[in-house]
$ cat data_4.cif   # mmCIF, C-alpha atoms
data_data
#
loop_
_atom_site.group_PDB
_atom_site.id
_atom_site.type_symbol
_atom_site.label_atom_id
_atom_site.label_comp_id
_atom_site.auth_asym_id
_atom_site.auth_seq_id
_atom_site.Cartn_x
_atom_site.Cartn_y
_atom_site.Cartn_z
ATOM 1 C CA MET A 1 63.410 -36.677 46.268
ATOM 2 C CA HIS A 2 63.984 -33.117 45.047
ATOM 3 C CA ARG A 3 66.028 -34.431 42.070
ATOM 4 C CA PHE A 4 63.205 -36.847 41.142
ATOM 5 C CA PHE A 5 60.613 -34.062 41.235
ATOM 6 C CA LYS A 6 62.738 -31.864 38.976
ATOM 7 C CA THR A 7 63.312 -34.727 36.535
ATOM 8 C CA ASN A 8 59.599 -35.658 36.523
ATOM 9 C CA LEU A 9 58.633 -32.001 35.963
ATOM 10 C CA ALA A 10 60.914 -31.823 32.942
ATOM 11 C CA TYR A 11 59.254 -34.908 31.489
ATOM 12 C CA ARG A 12 55.851 -33.318 32.042
ATOM 13 C CA ILE A 13 56.843 -30.069 30.333
ATOM 14 C CA ILE A 14 58.302 -31.947 27.377
ATOM 15 C CA SER A 15 55.103 -34.039 27.098
ATOM 16 C CA ILE A 16 52.905 -30.938 27.100
ATOM 17 C CA LEU A 17 55.059 -29.270 24.453
ATOM 18 C CA LEU A 18 54.937 -32.376 22.279
ATOM 19 C CA ALA A 19 51.140 -32.554 22.664
ATOM 20 C CA VAL A 20 50.765 -28.897 21.674
ATOM 21 C CA ILE A 21 53.029 -29.354 18.651
ATOM 22 C CA LEU A 22 51.108 -32.468 17.609
ATOM 23 C CA TRP A 23 47.752 -30.669 18.010
ATOM 24 C CA MET A 24 48.980 -27.728 15.924
ATOM 25 C CA TRP A 25 50.249 -30.069 13.207
ATOM 26 C CA VAL A 26 46.970 -31.989 13.048
ATOM 27 C CA THR A 27 44.953 -28.740 13.003
ATOM 28 C CA THR A 28 47.077 -27.306 10.224
ATOM 29 C CA GLU A 29 46.767 -30.476 8.153
ATOM 30 C CA LYS A 30 42.981 -30.621 8.473
ATOM 31 C CA ASN A 31 42.333 -26.849 8.361
ATOM 32 C CA PRO A 32 45.162 -25.270 6.377
ATOM 33 C CA THR A 33 45.663 -21.565 5.759
ATOM 34 C CA GLN A 34 44.292 -20.405 2.405
ATOM 35 C CA GLU A 35 43.874 -17.204 0.422
ATOM 36 C CA LYS A 36 40.828 -15.814 -1.364
ATOM 37 C CA VAL A 37 40.212 -12.836 -3.657
ATOM 38 C CA LEU A 38 36.850 -11.017 -3.508
ATOM 39 C CA GLN A 39 35.391 -8.049 -5.377
ATOM 40 C CA VAL A 40 34.027 -5.799 -2.633
ATOM 41 C CA PRO A 41 31.834 -2.675 -3.087
ATOM 42 C CA LEU A 42 33.643 0.523 -2.143
ATOM 43 C CA GLU A 43 31.894 2.690 0.440
ATOM 44 C CA THR A 44 32.535 6.244 1.597
ATOM 45 C CA ARG A 45 32.408 7.526 5.164
ATOM 46 C CA ASN A 46 32.532 10.798 7.094
ATOM 47 C CA LEU A 47 31.858 13.159 4.188
ATOM 48 C CA ALA A 48 30.732 16.647 5.191
ATOM 49 C CA HIS A 49 26.982 17.235 4.859
ATOM 50 C CA ASP A 50 27.352 20.017 2.303
ATOM 51 C CA LEU A 51 29.468 17.842 -0.019
ATOM 52 C CA MET A 52 28.645 14.889 -2.266
ATOM 53 C CA VAL A 53 30.583 12.166 -4.088
ATOM 54 C CA ALA A 54 30.586 12.944 -7.814
ATOM 55 C CA ASP A 55 32.703 9.979 -8.936
ATOM 56 C CA LYS A 56 34.509 7.003 -7.400
ATOM 57 C CA PRO A 57 35.356 3.366 -8.218
ATOM 58 C CA ASP A 58 32.442 1.009 -7.665
ATOM 59 C CA SER A 59 34.544 -1.739 -6.054
ATOM 60 C CA VAL A 60 38.048 -2.971 -5.174
ATOM 61 C CA LYS A 61 39.713 -6.384 -5.073
ATOM 62 C CA ILE A 62 40.497 -7.694 -1.596
ATOM 63 C CA ARG A 63 42.917 -10.595 -1.029
ATOM 64 C CA ILE A 64 42.447 -12.201 2.373
ATOM 65 C CA GLU A 65 44.038 -15.076 4.279
ATOM 66 C CA GLY A 66 42.682 -17.421 6.899
ATOM 67 C CA ARG A 67 41.900 -20.966 7.898
ATOM 68 C CA LYS A 68 39.984 -23.004 5.321
ATOM 69 C CA ASN A 69 36.823 -23.272 7.422
ATOM 70 C CA LEU A 70 36.616 -19.450 7.603
ATOM 71 C CA ILE A 71 37.716 -18.726 4.025
ATOM 72 C CA ASP A 72 35.161 -21.126 2.542
ATOM 73 C CA ASN A 73 32.251 -19.339 4.246
ATOM 74 C CA VAL A 74 33.220 -15.698 3.728
ATOM 75 C CA ASN A 75 31.817 -13.609 0.846
ATOM 76 C CA SER A 76 31.933 -9.978 -0.264
ATOM 77 C CA ARG A 77 28.985 -9.051 1.992
ATOM 78 C CA ASP A 78 31.068 -9.943 5.068
ATOM 79 C CA ILE A 79 33.801 -7.424 4.222
ATOM 80 C CA ARG A 80 33.706 -3.630 4.302
ATOM 81 C CA ALA A 81 35.996 -1.625 2.009
ATOM 82 C CA PHE A 82 35.784 2.138 2.460
ATOM 83 C CA VAL A 83 37.528 5.470 2.148
ATOM 84 C CA ASN A 84 37.462 7.962 4.987
ATOM 85 C CA LEU A 85 36.466 11.325 3.484
ATOM 86 C CA GLN A 86 36.846 13.370 6.647
ATOM 87 C CA GLY A 87 38.455 16.652 5.615
ATOM 88 C CA ALA A 88 37.911 15.996 1.884
ATOM 89 C CA THR A 89 37.582 19.040 -0.366
ATOM 90 C CA THR A 90 35.901 19.663 -3.708
ATOM 91 C CA GLY A 91 37.719 18.147 -6.653
ATOM 92 C CA PRO A 92 39.740 14.902 -6.781
ATOM 93 C CA ASN A 93 40.870 13.420 -3.458
ATOM 94 C CA ILE A 94 43.418 10.561 -3.312
ATOM 95 C CA LYS A 95 42.523 8.396 -0.339
ATOM 96 C CA PRO A 96 43.739 5.021 0.976
ATOM 97 C CA VAL A 97 41.282 2.135 0.961
ATOM 98 C CA GLU A 98 40.569 0.820 4.441
ATOM 99 C CA VAL A 99 39.218 -2.664 5.082
ATOM 100 C CA ALA A 100 37.226 -4.178 7.963
ATOM 101 C CA LEU A 101 37.411 -7.995 8.127
ATOM 102 C CA PRO A 102 35.625 -10.643 10.177
ATOM 103 C CA VAL A 103 37.523 -12.026 13.170
ATOM 104 C CA GLY A 104 40.066 -14.685 12.216
ATOM 105 C CA LEU A 105 40.892 -13.322 8.767
ATOM 106 C CA GLN A 106 43.950 -11.335 7.734
ATOM 107 C CA LEU A 107 44.306 -8.807 4.925
ATOM 108 C CA VAL A 108 46.944 -9.675 2.313
ATOM 109 C CA ASN A 109 46.446 -6.733 -0.033
ATOM 110 C CA VAL A 110 43.948 -4.348 -1.614
ATOM 111 C CA ASN A 111 43.901 -3.521 -5.319
ATOM 112 C CA PRO A 112 43.969 -0.598 -5.745
ATOM 113 C CA SER A 113 45.280 0.430 -2.352
ATOM 114 C CA GLN A 114 44.471 4.096 -3.079
ATOM 115 C CA VAL A 115 41.593 5.571 -5.083
ATOM 116 C CA SER A 116 40.623 8.929 -6.460
ATOM 117 C CA VAL A 117 37.281 10.205 -5.190
ATOM 118 C CA ALA A 118 35.815 13.275 -6.883
ATOM 119 C CA ILE A 119 33.957 15.545 -4.458
ATOM 120 C CA ASP A 120 31.569 18.295 -5.473
ATOM 121 C CA GLN A 121 29.544 20.890 -3.638
ATOM 122 C CA ILE A 122 25.897 19.937 -3.255
ATOM 123 C CA SER A 123 23.726 22.055 -5.529
ATOM 124 C CA GLU A 124 20.034 21.875 -6.301
ATOM 125 C CA ALA A 125 17.704 22.590 -9.175
ATOM 126 C CA GLN A 126 13.932 22.701 -9.566
ATOM 127 C CA LEU A 127 12.960 20.633 -12.611
ATOM 128 C CA PRO A 128 9.696 19.556 -14.297
ATOM 129 C CA VAL A 129 8.555 15.918 -14.218
ATOM 130 C CA ALA A 130 7.641 14.168 -17.483
ATOM 131 C CA VAL A 131 5.345 11.125 -17.695
ATOM 132 C CA LEU A 132 6.366 8.404 -20.165
ATOM 133 C CA VAL A 133 3.354 6.204 -20.956
ATOM 134 C CA GLN A 134 3.903 2.666 -22.202
ATOM 135 C CA GLY A 135 1.366 0.082 -23.344
ATOM 136 C CA GLN A 136 -2.220 0.833 -24.279
ATOM 137 C CA THR A 137 -5.732 0.823 -22.876
ATOM 138 C CA ALA A 138 -8.236 -1.993 -23.319
ATOM 139 C CA PRO A 139 -10.002 -2.163 -26.690
ATOM 140 C CA GLY A 140 -12.775 0.418 -26.885
ATOM 141 C CA TYR A 141 -11.092 2.708 -24.342
ATOM 142 C CA THR A 142 -8.837 5.720 -24.671
ATOM 143 C CA SER A 143 -6.526 7.528 -22.248
ATOM 144 C CA LEU A 144 -6.372 11.286 -21.717
ATOM 145 C CA GLU A 145 -3.311 13.400 -21.008
ATOM 146 C CA PRO A 146 -1.622 12.250 -17.750
ATOM 147 C CA SER A 147 -1.279 14.595 -14.796
ATOM 148 C CA VAL A 148 1.502 14.454 -12.186
ATOM 149 C CA THR A 149 1.621 15.827 -8.634
ATOM 150 C CA PRO A 150 3.827 17.706 -7.970
ATOM 151 C CA THR A 151 4.635 18.919 -11.457
ATOM 152 C CA GLU A 152 8.179 19.949 -10.431
ATOM 153 C CA VAL A 153 10.678 18.472 -7.962
ATOM 154 C CA ILE A 154 13.911 19.550 -6.298
ATOM 155 C CA VAL A 155 16.961 17.599 -7.476
ATOM 156 C CA GLN A 156 20.110 17.761 -5.318
ATOM 157 C CA GLY A 157 23.589 16.613 -6.234
ATOM 158 C CA PRO A 158 26.952 17.603 -7.669
ATOM 159 C CA LYS A 159 26.655 20.622 -9.962
ATOM 160 C CA SER A 160 28.402 18.722 -12.761
ATOM 161 C CA LEU A 161 25.608 16.124 -12.731
ATOM 162 C CA LEU A 162 22.815 18.678 -12.403
ATOM 163 C CA ASP A 163 24.127 20.518 -15.453
ATOM 164 C CA ALA A 164 24.022 17.246 -17.430
ATOM 165 C CA ILE A 165 20.376 16.365 -16.639
ATOM 166 C CA ASP A 166 18.237 15.895 -19.730
ATOM 167 C CA GLN A 167 14.972 14.685 -18.160
ATOM 168 C CA VAL A 168 13.322 13.896 -14.828
ATOM 169 C CA PHE A 169 10.549 11.401 -15.444
ATOM 170 C CA VAL A 170 8.349 8.523 -14.312
ATOM 171 C CA GLU A 171 7.308 5.497 -16.360
ATOM 172 C CA VAL A 172 3.700 4.262 -16.475
ATOM 173 C CA THR A 173 2.380 1.056 -18.064
ATOM 174 C CA LEU A 174 -1.324 0.985 -18.976
ATOM 175 C CA ASP A 175 -1.376 -2.789 -19.548
ATOM 176 C CA GLU A 176 -4.715 -2.773 -21.455
ATOM 177 C CA SER A 177 -6.591 -1.494 -18.438
ATOM 178 C CA PRO A 178 -10.214 -0.326 -18.871
ATOM 179 C CA GLU A 179 -9.944 1.791 -15.700
ATOM 180 C CA SER A 180 -8.273 5.088 -14.872
ATOM 181 C CA LEU A 181 -4.798 4.743 -13.391
ATOM 182 C CA LYS A 182 -3.562 6.402 -10.203
ATOM 183 C CA GLU A 183 -0.146 5.427 -8.816
ATOM 184 C CA GLN A 184 2.742 6.636 -6.666
ATOM 185 C CA LEU A 185 5.860 6.176 -8.776
ATOM 186 C CA PRO A 186 9.615 6.634 -8.177
ATOM 187 C CA LEU A 187 11.435 9.363 -10.076
ATOM 188 C CA LYS A 188 14.076 8.549 -12.661
ATOM 189 C CA ILE A 189 16.677 10.905 -14.105
ATOM 190 C CA LYS A 190 18.439 10.691 -17.463
ATOM 191 C CA ASP A 191 21.482 12.727 -18.526
ATOM 192 C CA ASN A 192 22.191 14.216 -21.959
ATOM 193 C CA ARG A 193 24.039 11.019 -22.947
ATOM 194 C CA GLY A 194 21.006 8.840 -22.250
ATOM 195 C CA ARG A 195 22.389 7.341 -19.012
ATOM 196 C CA LEU A 196 20.238 6.851 -15.905
ATOM 197 C CA ILE A 197 21.845 8.825 -13.072
ATOM 198 C CA HIS A 198 19.086 8.981 -10.410
ATOM 199 C CA ASP A 199 21.121 6.725 -8.073
ATOM 200 C CA MET A 200 23.759 9.484 -7.840
ATOM 201 C CA LEU A 201 21.270 12.252 -7.047
ATOM 202 C CA ARG A 202 18.623 13.069 -4.450
ATOM 203 C CA THR A 203 15.090 14.215 -5.199
ATOM 204 C CA LYS A 204 12.510 15.913 -3.015
ATOM 205 C CA PRO A 205 10.081 14.205 -3.022
ATOM 206 C CA GLU A 206 11.316 10.763 -4.112
ATOM 207 C CA PHE A 207 7.878 9.744 -5.449
ATOM 208 C CA VAL A 208 5.184 11.561 -7.400
ATOM 209 C CA GLU A 209 1.512 10.745 -7.993
ATOM 210 C CA VAL A 210 0.445 10.088 -11.575
ATOM 211 C CA TYR A 211 -3.183 10.084 -12.729
ATOM 212 C CA ILE A 212 -4.265 8.972 -16.215
ATOM 213 C CA PRO A 213 -8.003 9.143 -16.996
ATOM 214 C CA VAL A 214 -9.242 6.207 -19.098
ATOM 215 C CA LEU A 215 -12.569 6.649 -20.892
ATOM 216 C CA LYS A 216 -14.767 4.447 -23.031
ATOM 217 C CA GLU A 217 -14.166 5.266 -26.668
ATOM 218 C CA THR A 218 -16.540 3.129 -28.734
ATOM 219 C CA PRO A 219 -19.848 1.331 -28.143
ATOM 220 C CA SER A 220 -19.596 -2.104 -26.557
ATOM 221 C CA GLN A 221 -21.817 -5.111 -25.988
ATOM 222 C CA LYS A 222 -21.502 -8.293 -23.973
ATOM 223 C CA LEU A 223 -21.869 -11.337 -26.202
ATOM 224 C CA LEU A 224 -22.018 -15.079 -25.653
ATOM 225 C CA VAL A 225 -19.181 -17.100 -27.175
ATOM 226 C CA LYS A 226 -20.015 -20.440 -28.828
ATOM 227 C CA PRO A 227 -17.257 -22.927 -29.606
ATOM 228 C CA ALA A 228 -16.802 -24.179 -33.178
ATOM 229 C CA ILE A 229 -16.326 -27.951 -32.731
ATOM 230 C CA ILE A 230 -15.123 -29.854 -35.804
ATOM 231 C CA GLY A 231 -15.001 -33.647 -36.183
ATOM 232 C CA LYS A 232 -16.018 -36.608 -34.027
ATOM 233 C CA PRO A 233 -14.258 -38.313 -31.105
ATOM 234 C CA ALA A 234 -12.497 -41.665 -31.493
ATOM 235 C CA ALA A 235 -14.585 -44.805 -32.007
ATOM 236 C CA GLY A 236 -16.351 -45.814 -28.794
ATOM 237 C CA TYR A 237 -16.236 -42.252 -27.373
ATOM 238 C CA ARG A 238 -18.711 -39.407 -27.334
ATOM 239 C CA ILE A 239 -18.625 -35.779 -26.243
ATOM 240 C CA LYS A 240 -19.821 -35.459 -22.662
ATOM 241 C CA ARG A 241 -19.502 -31.676 -22.192
ATOM 242 C CA VAL A 242 -18.236 -28.581 -24.005
ATOM 243 C CA ALA A 243 -17.518 -25.407 -22.066
ATOM 244 C CA VAL A 244 -16.024 -22.003 -22.869
ATOM 245 C CA GLU A 245 -14.060 -20.000 -20.269
ATOM 246 C CA PRO A 246 -15.084 -17.194 -20.194
ATOM 247 C CA ASP A 247 -18.280 -17.768 -22.090
ATOM 248 C CA ILE A 248 -19.107 -14.041 -22.349
ATOM 249 C CA VAL A 249 -16.796 -11.356 -23.779
ATOM 250 C CA GLU A 250 -17.036 -7.599 -24.278
ATOM 251 C CA ALA A 251 -17.221 -6.712 -27.978
ATOM 252 C CA TYR A 252 -16.280 -3.195 -29.180
ATOM 253 C CA GLY A 253 -17.155 -1.622 -32.499
ATOM 254 C CA PRO A 254 -19.631 0.547 -34.419
ATOM 255 C CA TYR A 255 -23.141 0.464 -33.009
ATOM 256 C CA GLN A 256 -24.603 -0.686 -36.346
ATOM 257 C CA SER A 257 -22.302 -3.733 -36.423
ATOM 258 C CA LEU A 258 -22.853 -4.718 -32.788
ATOM 259 C CA ALA A 259 -26.644 -4.489 -33.189
ATOM 260 C CA THR A 260 -26.633 -7.337 -35.706
ATOM 261 C CA LEU A 261 -24.803 -9.783 -33.417
ATOM 262 C CA ASP A 262 -26.437 -12.302 -31.090
ATOM 263 C CA TYR A 263 -23.238 -14.233 -30.273
ATOM 264 C CA LEU A 264 -19.649 -14.815 -31.397
ATOM 265 C CA THR A 265 -17.830 -18.035 -32.254
ATOM 266 C CA THR A 266 -14.310 -19.320 -31.739
ATOM 267 C CA GLU A 267 -11.786 -20.579 -34.197
ATOM 268 C CA SER A 268 -12.311 -24.251 -35.018
ATOM 269 C CA VAL A 269 -11.476 -26.802 -32.335
ATOM 270 C CA LEU A 270 -10.655 -30.163 -33.912
ATOM 271 C CA VAL A 271 -11.877 -33.194 -31.923
ATOM 272 C CA SER A 272 -11.411 -35.902 -34.566
ATOM 273 C CA ASP A 273 -10.272 -39.202 -32.950
ATOM 274 C CA LEU A 274 -10.278 -37.561 -29.517
ATOM 275 C CA ALA A 275 -10.024 -40.174 -26.734
ATOM 276 C CA SER A 276 -9.275 -37.897 -23.745
ATOM 277 C CA ASP A 277 -10.348 -34.503 -22.456
ATOM 278 C CA LEU A 278 -9.090 -31.459 -24.364
ATOM 279 C CA ILE A 279 -8.375 -27.915 -23.172
ATOM 280 C CA GLN A 280 -7.417 -25.476 -25.929
ATOM 281 C CA GLU A 281 -7.023 -21.687 -26.002
ATOM 282 C CA VAL A 282 -8.430 -20.247 -29.235
ATOM 283 C CA PRO A 283 -9.152 -16.757 -30.609
ATOM 284 C CA VAL A 284 -12.665 -15.327 -30.662
ATOM 285 C CA ILE A 285 -13.862 -14.749 -34.234
ATOM 286 C CA THR A 286 -15.478 -11.399 -35.102
ATOM 287 C CA PRO A 287 -17.474 -10.787 -38.297
ATOM 288 C CA ASP A 288 -15.324 -7.852 -39.432
ATOM 289 C CA GLU A 289 -12.087 -6.058 -38.536
ATOM 290 C CA GLY A 290 -13.982 -3.144 -37.006
ATOM 291 C CA ILE A 291 -15.023 -5.284 -34.031
ATOM 292 C CA THR A 292 -12.614 -6.313 -31.276
ATOM 293 C CA THR A 293 -13.148 -8.265 -28.067
ATOM 294 C CA GLN A 294 -11.811 -8.271 -24.551
ATOM 295 C CA PRO A 295 -10.441 -10.832 -23.936
ATOM 296 C CA LYS A 296 -9.287 -11.760 -27.414
ATOM 297 C CA THR A 297 -8.974 -15.502 -26.654
ATOM 298 C CA VAL A 298 -10.967 -18.029 -24.615
ATOM 299 C CA LYS A 299 -10.401 -21.567 -23.380
ATOM 300 C CA VAL A 300 -12.526 -24.331 -24.880
ATOM 301 C CA VAL A 301 -12.917 -27.423 -22.685
ATOM 302 C CA VAL A 302 -14.079 -30.646 -24.373
ATOM 303 C CA GLU A 303 -14.786 -33.635 -22.107
ATOM 304 C CA VAL A 304 -15.305 -37.074 -23.651
ATOM 305 C CA GLU A 305 -16.568 -40.369 -22.227
ATOM 306 C CA ARG A 306 -16.951 -43.936 -23.407
ATOM 307 C CA GLU A 307 -20.263 -44.784 -25.025
#
$ encode --input "data_4.cif" --output "structure tokens"
Amino acid sequence: MHRFFKTNLAYRIISILLAVILWMWVTTEKNPTQEKVLQVPLETRNLAHDLMVADKPDSVKIRIEGRKNLIDNVNSRDIRAFVNLQGATTGPNIKPVEVALPVGLQLVNVNPSQVSVAIDQISEAQLPVAVLVQGQTAPGYTSLEPSVTPTEVIVQGPKSLLDAIDQVFVEVTLDESPESLKEQLPLKIKDNRGRLIHDMLRTKPEFVEVYIPVLKETPSQKLLVKPAIIGKPAAGYRIKRVAVEPDIVEAYGPYQSLATLDYLTTESVLVSDLASDLIQEVPVITPDEGITTQPKTVKVVVEVERE
């Protein structure tokens, strides 16, 4: 009886081992181990508060290994590549690249495995803010000199970058607005080589308030717009309705010229042989170049019907 139990136990152990081996073989066949190379942003950690990174590589190449179902779903956002800057000093620091991977993945290699990180003492400078105005006001309007609050800001960063600053500025687009502009805008910084470097620096504050007064420059008058329809619809059709959108525009120009106008017309809209509704955007015609309109174009809608 004891011999039978021992023999039966051996069979059981062998069966379990065979089942495990078979399961591992099937798993490996269906979900094999693969490699993948990803470009991962390089981060920095544990840098002293009075120091700042002046220069470092933007990213490193990470080669990882894992089962196909994991490899297929992983991307660069799932991986952290970083250098530990604890104890770093000003100047170049050669540091190993460390990698944190999701569970189930293994690191094959990092390229480069070490990087040079330039560290500089944090300095600061008080600099004026310029306002760069793009675009233009609406016809008949003019903009005055912009004002910015505060007029100067504190810029913090590596001294080498501060020394290279050419301009601290904000960009404003008027976009043909007839109204004064008031906006909170982010600061930008350009170095003496024309490169934008605000991402590598800190500003206090980060935003400034810009105000640009916009004033009426020339006389204006609201005028009706009449469409210039040319031709006749196709045989058996007639014009049911003609509409202009918008049908009133603001005209700008010398007072003497505006006083002679009762309405404006559009460029010709051809409806010859028209057998279906027409929507066409056309310019507004003014009697001379000294008169402009806002808007400059209108939509003419022509609806036709069978007679």
$ resolve_selection --input "data_4.cif" --expression "the PyMOL selection byres ((chain A and resi 230-245) around 7)" --output "PDB file with C-alpha atoms, in the coordinates of the input"
ATOM      1  CA  PRO A 227     -17.257 -22.927 -29.606  1.00  0.00           C
ATOM      2  CA  ALA A 228     -16.802 -24.179 -33.178  1.00  0.00           C
ATOM      3  CA  ILE A 229     -16.326 -27.951 -32.731  1.00  0.00           C
ATOM      4  CA  PRO A 246     -15.084 -17.194 -20.194  1.00  0.00           C
ATOM      5  CA  ASP A 247     -18.280 -17.768 -22.090  1.00  0.00           C
ATOM      6  CA  SER A 268     -12.311 -24.251 -35.018  1.00  0.00           C
ATOM      7  CA  VAL A 269     -11.476 -26.802 -32.335  1.00  0.00           C
ATOM      8  CA  LEU A 270     -10.655 -30.163 -33.912  1.00  0.00           C
ATOM      9  CA  VAL A 271     -11.877 -33.194 -31.923  1.00  0.00           C
ATOM     10  CA  SER A 272     -11.411 -35.902 -34.566  1.00  0.00           C
ATOM     11  CA  ASP A 273     -10.272 -39.202 -32.950  1.00  0.00           C
ATOM     12  CA  LEU A 274     -10.278 -37.561 -29.517  1.00  0.00           C
ATOM     13  CA  ALA A 275     -10.024 -40.174 -26.734  1.00  0.00           C
ATOM     14  CA  VAL A 298     -10.967 -18.029 -24.615  1.00  0.00           C
ATOM     15  CA  LYS A 299     -10.401 -21.567 -23.380  1.00  0.00           C
ATOM     16  CA  VAL A 300     -12.526 -24.331 -24.880  1.00  0.00           C
ATOM     17  CA  VAL A 301     -12.917 -27.423 -22.685  1.00  0.00           C
ATOM     18  CA  VAL A 302     -14.079 -30.646 -24.373  1.00  0.00           C
ATOM     19  CA  GLU A 303     -14.786 -33.635 -22.107  1.00  0.00           C
ATOM     20  CA  VAL A 304     -15.305 -37.074 -23.651  1.00  0.00           C
ATOM     21  CA  GLU A 305     -16.568 -40.369 -22.227  1.00  0.00           C
ATOM     22  CA  ARG A 306     -16.951 -43.936 -23.407  1.00  0.00           C
ATOM     23  CA  GLU A 307     -20.263 -44.784 -25.025  1.00  0.00           C
TER      24      GLU A 307
END
$ atom_distance --input "data_4.cif" --atom1 "atom CA of Pro287 of chain A" --atom2 "atom CA of Val249 of chain A"
14.5 Å
$ resolve_selection --input "data_4.cif" --expression "the PyMOL selection byres ((chain A and resi 201) around 8)" --output "list in words"
Val155, Gln156, Gly157, Pro158, Ile197, His198, Asp199, Met200, Arg202 and Thr203 of chain A
$ resolve_selection --input "data_4.cif" --expression "the PyMOL selection byres ((chain A and resi 190-196) around 9)" --output "ChimeraX atom specification"
/A:161-169,188-189,197-199
$ residues_around --input "data_4.cif" --residues "Ser59 of chain A" --least-positions-apart "6" --cutoff "7 Å" --atoms "all atoms listed in the file" --output "list in words"
Gln39, Val40, Pro41 and Leu42 of chain A
$ atom_distance --input "data_4.cif" --atom1 "atom CA of Leu85 of chain A" --atom2 "atom CA of Glu206 of chain A"
26.3 Å
$ residues_around --input "data_4.cif" --residues "Thr292 of chain A" --least-positions-apart "2" --cutoff "8 Å" --atoms "all atoms listed in the file" --output "compact mmCIF listing (two decimals) with C-alpha atoms, keeping the file's coordinate frame"
# COMPACT_ATOMS: atom_id res chain seq x y z
CA PRO A 139 -10.00 -2.16 -26.69
CA ALA A 251 -17.22 -6.71 -27.98
CA TYR A 252 -16.28 -3.20 -29.18
CA GLY A 253 -17.16 -1.62 -32.50
CA THR A 286 -15.48 -11.40 -35.10
CA GLU A 289 -12.09 -6.06 -38.54
CA GLY A 290 -13.98 -3.14 -37.01
CA GLN A 294 -11.81 -8.27 -24.55
CA LYS A 296 -9.29 -11.76 -27.41
$ closest_residue --input "data_4.cif" --among "A:Ile285, A:Ile212, A:Ile64, A:Ala88" --to "Met52 of chain A" --atoms "all atoms listed in the file"
A:Ala88
$ axis_aligned_box --input "data_4.cif" --around "segment 124-132 of chain A" --padding-each-side "8 Å" --output "lines of an AutoDock Vina configuration file"
center_x = 12.7
center_y = 15.6
center_z = -13.2
size_x = 30.7
size_y = 30.3
size_z = 29.9
$ residues_around --input "data_4.cif" --residues "segment 71-78 of chain A" --least-positions-apart "3" --cutoff "9 Å" --atoms "all atoms listed in the file" --output "PDB file with C-alpha atoms, in the coordinates of the input"
ATOM      1  CA  THR A  33      45.663 -21.565   5.759  1.00  0.00           C
ATOM      2  CA  GLN A  34      44.292 -20.405   2.405  1.00  0.00           C
ATOM      3  CA  GLU A  35      43.874 -17.204   0.422  1.00  0.00           C
ATOM      4  CA  LYS A  36      40.828 -15.814  -1.364  1.00  0.00           C
ATOM      5  CA  LEU A  38      36.850 -11.017  -3.508  1.00  0.00           C
ATOM      6  CA  GLN A  39      35.391  -8.049  -5.377  1.00  0.00           C
ATOM      7  CA  VAL A  40      34.027  -5.799  -2.633  1.00  0.00           C
ATOM      8  CA  PRO A  41      31.834  -2.675  -3.087  1.00  0.00           C
ATOM      9  CA  ILE A  62      40.497  -7.694  -1.596  1.00  0.00           C
ATOM     10  CA  ILE A  64      42.447 -12.201   2.373  1.00  0.00           C
ATOM     11  CA  GLU A  65      44.038 -15.076   4.279  1.00  0.00           C
ATOM     12  CA  GLY A  66      42.682 -17.421   6.899  1.00  0.00           C
ATOM     13  CA  ARG A  67      41.900 -20.966   7.898  1.00  0.00           C
ATOM     14  CA  LYS A  68      39.984 -23.004   5.321  1.00  0.00           C
ATOM     15  CA  ALA A 100      37.226  -4.178   7.963  1.00  0.00           C
ATOM     16  CA  LEU A 101      37.411  -7.995   8.127  1.00  0.00           C
ATOM     17  CA  PRO A 102      35.625 -10.643  10.177  1.00  0.00           C
ATOM     18  CA  LEU A 105      40.892 -13.322   8.767  1.00  0.00           C
TER      19      LEU A 105
END
